[in-house]
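Source file: start.cif (mmCIF, C-alpha atoms)
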data_final
#
loop_
_atom_site.label_atom_id
_atom_site.label_comp_id
_atom_site.auth_asym_id
_atom_site.auth_seq_id
_atom_site.Cartn_x
_atom_site.Cartn_y
_atom_site.Cartn_z
CA MET K 955 -40.48 24.56 75.66
CA THR K 956 -42.39 27.83 75.39
CA GLU K 957 -44.17 28.87 72.20
CA ALA K 958 -41.57 31.60 71.66
CA SER K 959 -38.59 29.27 72.08
CA GLN K 960 -40.23 26.67 69.85
CA SER K 961 -40.66 29.29 67.15
CA GLU K 962 -36.96 30.15 67.41
CA HIS K 963 -36.06 26.55 66.53
CA LEU K 964 -38.29 26.43 63.43
CA LYS K 965 -36.93 27.07 59.96
CA GLN K 966 -38.34 29.94 57.94
CA SER K 967 -39.31 29.73 54.30
CA PRO K 968 -37.72 32.23 51.89
CA LEU K 969 -41.28 33.58 51.66
CA ASP K 970 -41.66 34.16 55.39
CA SER K 971 -41.89 37.96 55.14
CA PHE K 972 -44.32 37.61 52.21
CA HIS K 973 -46.60 35.43 54.33
CA ARG K 974 -46.55 37.78 57.30
CA GLY K 975 -47.03 40.81 55.09
CA HIS K 976 -50.21 39.26 53.71
CA GLY K 977 -51.65 38.39 57.11
CA ALA K 978 -50.98 34.66 57.23
CA ARG K 979 -51.81 32.63 60.31
CA MET K 980 -48.52 30.81 60.91
CA VAL K 981 -48.12 27.30 62.35
CA ALA K 982 -45.35 24.77 62.88
CA PHE K 983 -45.14 22.07 60.19
CA ALA K 984 -42.33 19.58 59.49
CA GLY K 985 -39.77 21.77 61.27
CA PHE K 986 -40.84 24.95 59.48
CA GLU K 987 -43.04 27.90 60.34
CA LEU K 988 -45.57 28.06 57.52
CA PRO K 989 -48.96 29.64 56.76
CA LEU K 990 -52.02 27.64 57.79
CA ASN K 991 -54.26 30.10 55.95
CA PHE K 992 -54.58 33.71 54.85
CA ASP K 993 -58.22 34.51 54.06
CA GLY K 994 -59.58 31.19 55.33
CA VAL K 995 -59.22 27.51 54.48
CA ILE K 996 -62.58 27.16 52.73
CA SER K 997 -62.24 30.32 50.62
CA GLU K 998 -58.69 29.31 49.64
CA HIS K 999 -59.89 25.81 48.77
CA HIS K 1000 -62.67 27.14 46.52
CA ALA K 1001 -60.32 29.66 44.91
CA THR K 1002 -58.02 26.82 43.87
CA ARG K 1003 -60.90 24.76 42.49
CA THR K 1004 -62.33 27.69 40.50
CA LEU K 1005 -59.51 30.20 39.84
CA ALA K 1006 -55.88 29.89 41.00
CA GLY K 1007 -54.29 29.30 44.38
CA LEU K 1008 -50.71 30.28 45.19
CA PHE K 1009 -48.92 27.93 47.60
CA ASP K 1010 -45.47 28.08 49.16
CA VAL K 1011 -43.92 24.60 49.00
CA SER K 1012 -40.36 25.73 49.68
CA HIS K 1013 -40.19 23.47 52.73
CA MET K 1014 -39.96 20.47 50.40
CA GLY K 1015 -36.45 19.11 50.03
CA ILE K 1016 -34.88 19.74 46.61
CA VAL K 1017 -31.95 17.40 45.94
CA ASP K 1018 -29.88 16.97 42.79
CA LEU K 1019 -28.16 13.70 41.88
CA ILE K 1020 -25.20 14.50 39.62
CA PRO K 1021 -22.80 12.07 37.92
CA MET K 1022 -19.18 12.37 38.99
CA ARG K 1023 -16.62 13.27 36.35
CA GLY K 1024 -16.23 10.49 33.83
CA TYR K 1025 -19.74 9.13 34.29
CA GLY K 1026 -22.99 9.88 32.48
CA LEU K 1027 -26.52 10.49 33.68
CA GLY K 1028 -27.36 6.89 32.84
CA ALA K 1029 -25.18 5.74 35.71
CA VAL K 1030 -27.16 7.95 38.11
CA MET K 1031 -30.47 6.59 36.85
CA ASP K 1032 -29.38 2.97 37.08
CA SER K 1033 -28.07 3.46 40.61
CA PHE K 1034 -31.21 5.24 41.78
CA GLU K 1035 -33.40 2.42 40.49
CA LYS K 1036 -31.99 0.20 43.25
CA ILE K 1037 -34.19 2.00 45.80
CA THR K 1038 -37.25 2.93 43.75
CA PRO K 1039 -39.71 0.69 41.86
CA ALA K 1040 -40.29 3.55 39.39
CA SER K 1041 -38.74 3.32 35.94
CA ILE K 1042 -36.14 6.09 35.87
CA SER K 1043 -33.64 5.04 33.20
CA ASP K 1044 -36.21 5.65 30.45
CA LEU K 1045 -37.41 8.99 31.82
CA GLY K 1046 -37.30 11.49 28.98
CA ASN K 1047 -35.43 14.76 29.23
CA GLU K 1048 -37.58 17.55 30.71
CA ARG K 1049 -40.05 14.98 32.08
CA LEU K 1050 -41.20 14.28 35.64
CA ARG K 1051 -42.32 11.08 37.31
CA TYR K 1052 -44.08 10.45 40.61
CA GLY K 1053 -42.40 7.60 42.43
CA LEU K 1054 -41.58 5.99 45.75
CA LEU K 1055 -38.48 5.13 47.73
CA THR K 1056 -38.87 1.63 49.15
CA ASN K 1057 -36.99 -0.30 51.84
CA ASN K 1058 -35.96 -3.94 51.84
CA GLU K 1059 -39.27 -4.94 53.46
CA GLY K 1060 -41.29 -3.26 50.71
CA GLY K 1061 -42.33 -0.31 52.86
CA VAL K 1062 -42.45 3.27 51.59
CA VAL K 1063 -39.53 5.41 52.77
CA ASP K 1064 -41.04 8.43 50.99
CA ASP K 1065 -43.00 9.48 47.95
CA LEU K 1066 -41.31 11.96 45.66
CA ILE K 1067 -41.13 13.63 42.28
CA VAL K 1068 -38.17 12.85 40.03
CA SER K 1069 -37.36 15.15 37.12
CA ARG K 1070 -34.69 14.73 34.46
CA HIS K 1071 -32.43 17.60 33.50
CA ASP K 1072 -29.62 17.65 30.94
CA ASP K 1073 -26.95 16.76 33.47
CA ARG K 1074 -28.76 15.57 36.61
CA LEU K 1075 -31.79 14.05 38.26
CA ARG K 1076 -33.72 16.31 40.61
CA LEU K 1077 -35.72 14.92 43.51
CA VAL K 1078 -38.43 16.79 45.41
CA LEU K 1079 -38.83 15.16 48.83
CA ASN K 1080 -41.29 15.60 51.68
CA ALA K 1081 -40.03 18.09 54.25
CA SER K 1082 -40.59 15.71 57.17
CA ARG K 1083 -38.58 13.00 55.41
CA THR K 1084 -35.74 14.91 53.75
CA ALA K 1085 -33.08 14.03 56.33
CA ASP K 1086 -34.13 10.36 56.43
CA ASP K 1087 -34.28 10.20 52.63
CA LEU K 1088 -30.82 11.71 52.26
CA ALA K 1089 -29.35 9.22 54.72
CA TYR K 1090 -31.07 6.36 52.91
CA ILE K 1091 -29.93 7.53 49.47
CA GLU K 1092 -26.36 8.07 50.66
CA ARG K 1093 -26.23 4.52 52.05
CA ASN K 1094 -27.51 2.93 48.87
CA ILE K 1095 -26.53 4.97 45.85
CA SER K 1096 -23.29 4.58 43.91
CA THR K 1097 -20.18 6.50 44.92
CA ASN K 1098 -20.14 7.76 41.32
CA VAL K 1099 -23.09 10.03 42.19
CA ARG K 1100 -22.76 13.41 43.89
CA ILE K 1101 -25.69 14.46 46.10
CA GLU K 1102 -26.37 18.20 46.21
CA VAL K 1103 -29.00 19.65 48.55
CA ARG K 1104 -30.38 22.81 46.94
CA GLU K 1105 -31.09 25.12 49.86
CA ASP K 1106 -30.55 28.02 47.46
CA LEU K 1107 -33.87 27.26 45.78
CA ALA K 1108 -37.50 27.91 46.70
CA GLN K 1109 -40.64 26.37 45.26
CA LEU K 1110 -44.04 27.90 44.51
CA ALA K 1111 -47.17 26.13 43.27
CA VAL K 1112 -49.88 27.85 41.22
CA GLN K 1113 -52.86 25.51 41.09
CA GLY K 1114 -56.31 25.76 39.57
CA PRO K 1115 -58.20 26.06 36.27
CA LYS K 1116 -56.95 29.61 35.69
CA SER K 1117 -53.32 28.86 36.55
CA CYS K 1118 -52.20 28.61 32.93
CA GLU K 1119 -53.83 31.93 32.01
CA VAL K 1120 -52.26 33.58 35.05
CA LEU K 1121 -48.75 32.33 34.30
CA SER K 1122 -49.12 33.21 30.62
CA MET K 1123 -49.05 36.85 31.70
CA LEU K 1124 -45.46 36.30 32.87
CA PHE K 1125 -44.30 33.46 30.60
CA SER K 1126 -45.78 33.77 27.10
CA ASP K 1127 -45.36 30.13 26.01
CA ILE K 1128 -46.17 28.39 29.31
CA ALA K 1129 -49.25 26.77 27.74
CA GLU K 1130 -46.95 24.56 25.63
CA LEU K 1131 -45.99 22.58 28.73
CA LYS K 1132 -47.72 19.22 28.99
CA PHE K 1133 -48.66 17.41 32.19
CA MET K 1134 -45.53 16.20 34.03
CA GLN K 1135 -43.21 18.15 31.76
CA ARG K 1136 -40.71 20.82 32.83
CA ARG K 1137 -38.69 23.56 31.18
CA GLU K 1138 -36.61 26.57 32.09
CA PHE K 1139 -38.27 29.93 31.60
CA ARG K 1140 -36.91 33.40 32.26
CA LEU K 1141 -38.64 36.22 34.11
CA ASP K 1142 -36.49 39.28 33.51
CA ASP K 1143 -33.17 38.14 35.03
CA ILE K 1144 -34.61 35.19 36.99
CA VAL K 1145 -34.29 31.61 35.73
CA CYS K 1146 -37.43 29.65 36.66
CA ASP K 1147 -37.63 25.85 36.37
CA ILE K 1148 -41.37 25.34 35.78
CA SER K 1149 -43.27 22.05 35.56
CA ARG K 1150 -46.93 21.35 34.84
CA SER K 1151 -47.63 19.40 38.00
CA GLY K 1152 -49.04 19.69 41.51
CA TYR K 1153 -50.85 17.92 44.31
CA THR K 1154 -54.36 19.34 44.32
CA GLY K 1155 -56.01 17.36 41.53
CA GLU K 1156 -56.27 20.55 39.46
CA ASP K 1157 -54.31 21.69 36.44
CA GLY K 1158 -51.37 23.61 37.82
CA PHE K 1159 -47.69 24.46 37.81
CA GLU K 1160 -44.77 24.32 40.20
CA LEU K 1161 -41.99 26.89 39.98
CA VAL K 1162 -38.50 26.20 41.32
CA VAL K 1163 -36.77 29.57 41.59
CA PRO K 1164 -33.81 31.17 43.38
CA ALA K 1165 -34.75 31.61 47.04
CA SER K 1166 -33.69 35.26 46.87
CA SER K 1167 -36.25 35.93 44.12
CA ALA K 1168 -39.20 33.95 45.48
CA GLY K 1169 -40.89 36.88 47.24
CA ARG K 1170 -40.64 39.09 44.17
CA ILE K 1171 -42.26 36.42 41.99
CA ALA K 1172 -45.01 35.75 44.54
CA GLU K 1173 -45.88 39.44 44.66
CA GLN K 1174 -46.06 39.60 40.86
CA LEU K 1175 -48.40 36.63 40.80
CA LEU K 1176 -50.69 38.24 43.38
CA GLU K 1177 -51.10 41.28 41.16
CA ASP K 1178 -53.52 39.10 39.19
CA ASP K 1179 -56.97 39.25 40.79
CA ARG K 1180 -57.55 35.59 39.95
CA VAL K 1181 -54.80 34.48 42.36
CA LEU K 1182 -55.33 33.96 46.10
CA PRO K 1183 -52.51 33.09 48.53
CA CYS K 1184 -53.22 29.73 50.16
CA GLY K 1185 -51.89 27.86 53.17
CA LEU K 1186 -51.46 24.34 54.49
CA GLY K 1187 -55.13 23.98 55.40
CA ALA K 1188 -56.38 24.26 51.84
CA ARG K 1189 -53.46 22.21 50.54
CA ASP K 1190 -54.57 19.36 52.80
CA SER K 1191 -58.30 19.55 52.02
CA LEU K 1192 -57.57 19.71 48.29
CA ARG K 1193 -55.28 16.66 48.27
CA LEU K 1194 -57.74 14.73 50.46
CA GLU K 1195 -60.63 15.36 48.06
CA ALA K 1196 -58.29 14.34 45.22
CA GLY K 1197 -57.51 11.06 47.01
CA LEU K 1198 -53.77 11.80 47.21
CA CYS K 1199 -51.53 10.29 49.87
CA LEU K 1200 -49.70 12.24 52.57
CA TYR K 1201 -46.57 10.77 54.09
CA GLY K 1202 -47.01 9.94 57.77
CA HIS K 1203 -50.72 9.38 57.18
CA GLU K 1204 -51.39 7.10 54.18
CA LEU K 1205 -47.71 6.26 53.69
CA ASP K 1206 -45.00 5.04 56.04
CA GLU K 1207 -42.20 2.48 56.19
CA GLY K 1208 -44.66 -0.24 57.20
CA THR K 1209 -46.98 0.33 54.23
CA THR K 1210 -46.32 -1.05 50.76
CA PRO K 1211 -47.11 0.60 47.42
CA VAL K 1212 -49.67 -2.14 46.69
CA GLU K 1213 -51.54 -1.58 49.97
CA ALA K 1214 -51.52 2.17 49.28
CA GLY K 1215 -53.06 1.74 45.83
CA LEU K 1216 -49.88 3.00 44.18
CA ALA K 1217 -48.97 -0.08 42.17
CA TRP K 1218 -49.37 2.09 39.05
CA THR K 1219 -46.05 3.75 39.94
CA ILE K 1220 -44.27 0.46 39.21
CA GLN K 1221 -43.83 0.13 35.44
CA GLU K 1222 -43.83 -3.26 33.73
CA ARG K 1223 -40.08 -3.29 33.14
CA ARG K 1224 -39.39 -2.87 36.84
CA ARG K 1225 -41.82 -5.67 37.72
CA SER K 1226 -40.03 -7.97 35.28
CA GLU K 1227 -36.55 -7.07 36.50
CA ALA K 1228 -37.50 -7.25 40.21
CA SER K 1229 -34.28 -5.37 41.02
CA PHE K 1230 -35.52 -2.75 43.48
CA ALA K 1231 -35.58 -2.70 47.28
CA GLY K 1232 -38.49 -4.74 48.65
CA ALA K 1233 -39.27 -6.36 45.30
CA ASP K 1234 -40.10 -9.79 46.77
CA THR K 1235 -42.77 -8.41 49.10
CA ILE K 1236 -44.22 -5.94 46.62
CA LEU K 1237 -44.35 -8.35 43.68
CA GLY K 1238 -45.83 -11.01 45.95
CA GLN K 1239 -48.67 -8.66 46.86
CA LEU K 1240 -49.18 -7.76 43.21
CA SER K 1241 -49.59 -11.45 42.50
CA SER K 1242 -51.73 -12.58 45.43
CA GLY K 1243 -53.25 -9.30 46.62
CA PRO K 1244 -52.58 -7.36 49.85
CA GLU K 1245 -54.29 -8.11 53.14
CA ARG K 1246 -55.37 -4.49 53.54
CA MET K 1247 -56.09 -1.65 51.11
CA ARG K 1248 -56.32 2.13 51.10
CA VAL K 1249 -59.87 3.30 50.47
CA GLY K 1250 -62.00 6.40 50.52
CA VAL K 1251 -64.52 6.64 53.35
CA SER K 1252 -67.62 8.86 53.31
CA ALA K 1253 -69.54 9.64 56.48
CA LEU K 1254 -73.28 9.05 56.19
CA THR K 1255 -73.88 11.94 58.59
CA LYS K 1256 -72.43 15.46 58.75
CA ARG K 1257 -69.96 14.45 61.49
CA PRO K 1258 -66.34 14.42 60.20
CA ILE K 1259 -64.30 11.26 60.73
CA ARG K 1260 -60.77 12.20 61.77
CA GLU K 1261 -57.40 10.49 61.64
CA GLY K 1262 -57.11 7.62 64.10
CA ALA K 1263 -60.78 6.67 64.12
CA LYS K 1264 -61.19 2.90 64.15
CA LEU K 1265 -63.47 1.28 61.60
CA ARG K 1266 -65.77 -1.64 62.38
CA SER K 1267 -67.77 -3.93 60.15
CA GLU K 1268 -71.54 -4.35 60.46
CA GLU K 1269 -70.67 -7.47 62.49
CA ASN K 1270 -68.86 -5.18 64.97
CA ASN K 1271 -65.35 -6.43 64.14
CA GLN K 1272 -62.53 -3.94 63.80
CA VAL K 1273 -61.51 -3.92 60.14
CA GLY K 1274 -59.52 -0.73 59.64
CA ILE K 1275 -58.46 2.76 60.63
CA ILE K 1276 -58.74 6.29 59.25
CA THR K 1277 -55.46 7.94 58.22
CA SER K 1278 -56.79 11.33 57.02
CA GLY K 1279 -60.18 12.93 57.41
CA GLY K 1280 -62.01 16.22 57.44
CA TYR K 1281 -64.57 18.36 55.66
CA GLY K 1282 -64.45 18.42 51.85
CA PRO K 1283 -65.56 21.90 50.76
CA THR K 1284 -66.11 20.89 47.14
CA CYS K 1285 -68.01 17.76 48.16
CA ASN K 1286 -69.86 19.70 50.87
CA GLN K 1287 -69.55 16.70 53.18
CA PRO K 1288 -67.00 14.95 55.39
CA VAL K 1289 -64.46 12.84 53.51
CA ALA K 1290 -61.71 10.54 54.71
CA MET K 1291 -59.16 7.94 53.67
CA GLY K 1292 -57.90 4.93 55.54
CA TYR K 1293 -56.98 1.27 55.41
CA VAL K 1294 -59.39 -1.63 55.70
CA ASP K 1295 -59.08 -5.39 55.45
CA ALA K 1296 -59.17 -6.35 51.77
CA ARG K 1297 -62.46 -8.22 52.14
CA HIS K 1298 -64.14 -4.98 53.28
CA ALA K 1299 -62.59 -2.72 50.61
CA LYS K 1300 -65.35 -2.97 48.01
CA THR K 1301 -67.00 0.33 47.13
CA GLY K 1302 -70.30 0.70 48.96
CA THR K 1303 -69.34 -1.50 51.93
CA LEU K 1304 -71.04 -0.15 55.05
CA LEU K 1305 -68.84 0.45 58.10
CA VAL K 1306 -68.99 2.21 61.46
CA ALA K 1307 -66.36 4.68 62.62
CA ASP K 1308 -65.61 5.24 66.30
CA VAL K 1309 -65.31 9.02 66.62
CA ARG K 1310 -64.44 9.88 70.22
CA GLY K 1311 -66.67 7.12 71.53
CA LYS K 1312 -69.57 7.87 69.20
CA ASP K 1313 -70.54 5.61 66.31
CA VAL K 1314 -70.63 7.32 62.91
CA PRO K 1315 -72.08 5.28 60.02
CA CYS K 1316 -69.96 5.46 56.87
CA GLN K 1317 -69.23 3.60 53.68
CA VAL K 1318 -66.28 2.76 51.45
CA THR K 1319 -66.18 5.24 48.56
CA LYS K 1320 -64.30 5.17 45.29
CA LEU K 1321 -61.36 7.58 45.09
CA PRO K 1322 -60.95 10.37 44.20
CA PHE K 1323 -63.86 12.23 45.79
CA VAL K 1324 -63.37 15.04 43.26
CA PRO K 1325 -62.30 14.07 39.70
CA HIS K 1326 -58.77 15.04 38.69
CA ARG K 1327 -58.56 17.81 36.14
CA TYR K 1328 -54.93 17.55 35.05
CA ARG K 1329 -54.25 18.87 31.54
CA ARG K 1330 -53.09 15.65 29.87
CA ASP K 1331 -53.29 16.61 26.19
#

Let me see whether you can do it: turn the structure in this file into structure tokens.
Amino acid sequence: MTEASQSEHLKQSPLDSFHRGHGARMVAFAGFELPLNFDGVISEHHATRTLAGLFDVSHMGIVDLIPMRGYGLGAVMDSFEKITPASISDLGNERLRYGLLTNNEGGVVDDLIVSRHDDRLRLVLNASRTADDLAYIERNISTNVRIEVREDLAQLAVQGPKSCEVLSMLFSDIAELKFMQRREFRLDDIVCDISRSGYTGEDGFELVVPASSAGRIAEQLLEDDRVLPCGLGARDSLRLEAGLCLYGHELDEGTTPVEAGLAWTIQERRRSEASFAGADTILGQLSSGPERMRVGVSALTKRPIREGAKLRSEENNQVGIITSGGYGPTCNQPVAMGYVDARHAKTGTLLVADVRGKDVPCQVTKLPFVPHRYRRD
């Protein structure tokens, strides 16, 4: 397939013309054509850490779970809990929760955000997993639940320490939102579902808006000199420094929440009930410990350690593999994440990474590499 024909088969974001108009370098990602960067990955990364970065995350799947006539939202929540270890039935109105879909073997089908609205649950799914997730949900959720894919919506993320000040210029009471809380705001005639959330480790907001209005809102946000448009490159380096998982790298259907260091997503009630897919495997690992664990890995030289690099112990035994790696602009050094045998997962453990046939000394490092700065008060 030629580059031109491949491009013809890729989906476009509602912000496609916005990206091109602002000089984005476009790449294929999860079936979409999206911006890799505008000004440059490092400048966009630093802008998000110090001011505010504007990201297009419209490729994420937005799916509503709605009770059929005669049923309440409680029925939707109870049904959804069959396939997630997260506690959903006690999720407060206008609140969000990070959670996982799990299979019968305890593996992660996807990680997602669940938000509660007056009359529905809303799921935000990874673009590369949306079709698989929908098929999995349809097979396992009650027939009393209607599944609505919201292709009429787009999603923007404004991330960084100045994000609240920036959005306050458009939404006067946005500062009232607490971390992992959502509310509907109005910008002229546009209804915006805004949450205080994000995946960069910084304070930030995500805006779910009508797809037809996304470009107009993005342009208004860019009128503020503190905002820089950002692409996939900075989004990846930011989440890596923040020690956050990416599906297909740190997470897959053969990896459990306990191995991934995400046991905190399983609330005590769910552990006691043990009524979710894969509960036997997951609860067994919570009790006895997993055989492998996700860890941070820091190179002891300036050579980056990339995905797929095998990790060896000082005794020259293979003990793990890198799942994500690159340069951390805030850390000013290479950073990586991967899985290692549990006995080698202690912070400070010295390892050797095989990077294209060359040995790179490295060590297990506590995550995150850059402290989270979510606004939790």

Exercise on region 1256-1259 of chain K, axis-aligned box with 6 Å per side, report centre and edge lengths in Å to one decimal, as JSON:
{"center_x": -68.4, "center_y": 13.4, "center_z": 60.1, "size_x": 20.1, "size_y": 16.2, "size_z": 14.7}

Next on the checklist: Could you tell me, as a list in words, exactly which residues end up selected when the PyMOL selection byres ((chain K and resi 1009) around 6) is applied to this structure?
Outcome noted: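 In the shown coordinates, the PyMOL selection byres ((chain K and resi 1009) around 6) covers Leu1008, Asp1010, Leu1110, Ala1111 and Cys1184 of chain K.
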
Checklist outcome for this item: Counting all atoms listed in the file, closest pick from K:Asp1190, K:Glu1102, K:Glu1048, K:Asp1147 relative to Glu998 (chain K) is K:Asp1190

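Taking only C-alpha atoms into account, Ala1172 (chain K) lies nearest to K:Asp970 out of the set K:Asp1072, K:Glu1138, K:Asp970, K:Glu1245.
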
Fewer than 3 positions away in the same chain doesn't count, so skip those; otherwise give me all residues within 8 Å of Ala1233 (chain K), counting all atoms listed in the file, as a PDB file with C-alpha atoms, in the frame of the given file.
ATOM      1  CA  PRO K1039     -39.710   0.690  41.860  1.00  0.00           C
ATOM      2  CA  ASN K1058     -35.960  -3.940  51.840  1.00  0.00           C
ATOM      3  CA  GLY K1060     -41.290  -3.260  50.710  1.00  0.00           C
ATOM      4  CA  ALA K1228     -37.500  -7.250  40.210  1.00  0.00           C
ATOM      5  CA  SER K1229     -34.280  -5.370  41.020  1.00  0.00           C
ATOM      6  CA  PHE K1230     -35.520  -2.750  43.480  1.00  0.00           C
ATOM      7  CA  ILE K1236     -44.220  -5.940  46.620  1.00  0.00           C
ATOM      8  CA  LEU K1237     -44.350  -8.350  43.680  1.00  0.00           C
TER       9      LEU K1237
END

Item to check | For region 1201-1218 of chain K: contacts at 9 Å, all atoms listed in the file, fewer than 3 positions along chain excluded, given as JSON, numbers by chain | outcome: {"K": [1053, 1054, 1056, 1057, 1059, 1060, 1061, 1062, 1063, 1064, 1065, 1080, 1082, 1083, 1198, 1221, 1232, 1235, 1236, 1237, 1239, 1240, 1243, 1244, 1245, 1246, 1247, 1248, 1249, 1261, 1276, 1277, 1278, 1291, 1292, 1293]}

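Across the chains present, the PyMOL selection byres ((chain K and resi 1270-1274) around 8) applied to this file returns Lys1264, Leu1265, Arg1266, Ser1267, Glu1268, Glu1269, Ile1275, Ile1276, Gly1292, Tyr1293, Val1294, Asp1295 and His1298 of chain K.
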
Checklist entry - Using all atoms listed in the file, which residue out of K:Tyr1328, K:Leu1192, K:Thr1219, K:Phe986 lies closest to Lys1132 (chain K)? => result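 Going through K:Tyr1328, K:Leu1192, K:Thr1219, K:Phe986 one by one, the smallest distance to Lys1132 (chain K) is for K:Tyr1328.
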
Checklist entry - Just how far from CA of Ile1042 (chain K) is CA of Leu1079 (chain K), in Å to one decimal? => result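 Calculated distance between CA of Leu1079 (chain K) and CA of Ile1042 (chain K) is 16.0 Å.
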
Checklist entry - Suppose you want the space between CA of Asp1178 (chain K) and CA of Met1134 (chain K); what is it in Å? => result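 Those two atoms sit 24.8 Å apart.
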
Checklist entry - Which residue gives the smallest distance to Leu988 (chain K) among K:Pro1115, K:Gly1302, K:Gly1187, K:Gly1026, with only C-alpha atoms counted? => result K:Gly1187

Next on the checklist: So that I can see what lies close to Leu1027 (chain K), please list as a PyMOL selection string the residues with an atom at most 9 Å from it, counting only C-alpha atoms and leaving out residues fewer than 6 positions away in the same chain.
Outcome noted: chain K and resi 1019-1021+1043+1072-1075

Next on the checklist: I'd like the interatomic distance between CA of Ser1012 (chain K) and CA of Ala1081 (chain K), to a tenth of an Å.
Outcome noted: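 So the answer is 8.9 Å.
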
Next on the checklist: List the spatial neighbours of Glu1105 (chain K) as JSON, numbers by chain - criterion: any atom at most 9 Å away, only C-alpha atoms, same-chain residues fewer than 6 positions off excluded.
Outcome noted: {"K": [1015, 1016, 1017, 1165]}

Next on the checklist: My list of candidates is K:Asp1313, K:His999, K:Ser1122, K:Val1318. Which is closest to Ala1296 (chain K) when distances are computed with only C-alpha atoms?
Outcome noted: K:Val1318

Checklist entry - With all atoms listed in the file as the atoms that count, which of K:Asp1018, K:Glu1130, K:Asp1234, K:Glu1222 lies nearest to Ser1069 (chain K)? => result K:Asp1018

Item to check | Evaluate the PyMOL selection byres ((chain K and resi 1067) around 6) and report residues as a ChimeraX atom specification | outcome: /K:1051-1052,1066,1068,1077-1078

Next on the checklist: Distance cut-off 12 Å, centre (-70.7, 22.6, 51.3) in file coordinates, counting all atoms listed in the file: which residues qualify? Return them as a list in words.
Outcome noted: Ile996, Ser997, His999, His1000, Lys1256, Tyr1281, Gly1282, Pro1283, Thr1284, Cys1285, Asn1286, Gln1287, Pro1288 and Val1289 of chain K

Export, as a CSV table (one decimal), in the frame of the given file, the selected residues with C-alpha atoms.
chain,number,residue,atom,x,y,z
K,996,ILE,CA,-62.6,27.2,52.7
K,997,SER,CA,-62.2,30.3,50.6
K,999,HIS,CA,-59.9,25.8,48.8
K,1000,HIS,CA,-62.7,27.1,46.5
K,1256,LYS,CA,-72.4,15.5,58.8
K,1281,TYR,CA,-64.6,18.4,55.7
K,1282,GLY,CA,-64.4,18.4,51.8
K,1283,PRO,CA,-65.6,21.9,50.8
K,1284,THR,CA,-66.1,20.9,47.1
K,1285,CYS,CA,-68.0,17.8,48.2
K,1286,ASN,CA,-69.9,19.7,50.9
K,1287,GLN,CA,-69.6,16.7,53.2
K,1288,PRO,CA,-67.0,15.0,55.4
K,1289,VAL,CA,-64.5,12.8,53.5

Next on the checklist: Please return as JSON, numbers by chain every residue within 10 Å of (-62.8, 15.7, 40.9), taking into account all atoms listed in the file and the file's own coordinates.
Outcome noted: {"K": [1003, 1154, 1155, 1156, 1192, 1195, 1196, 1197, 1284, 1285, 1321, 1322, 1323, 1324, 1325, 1326, 1327, 1328]}
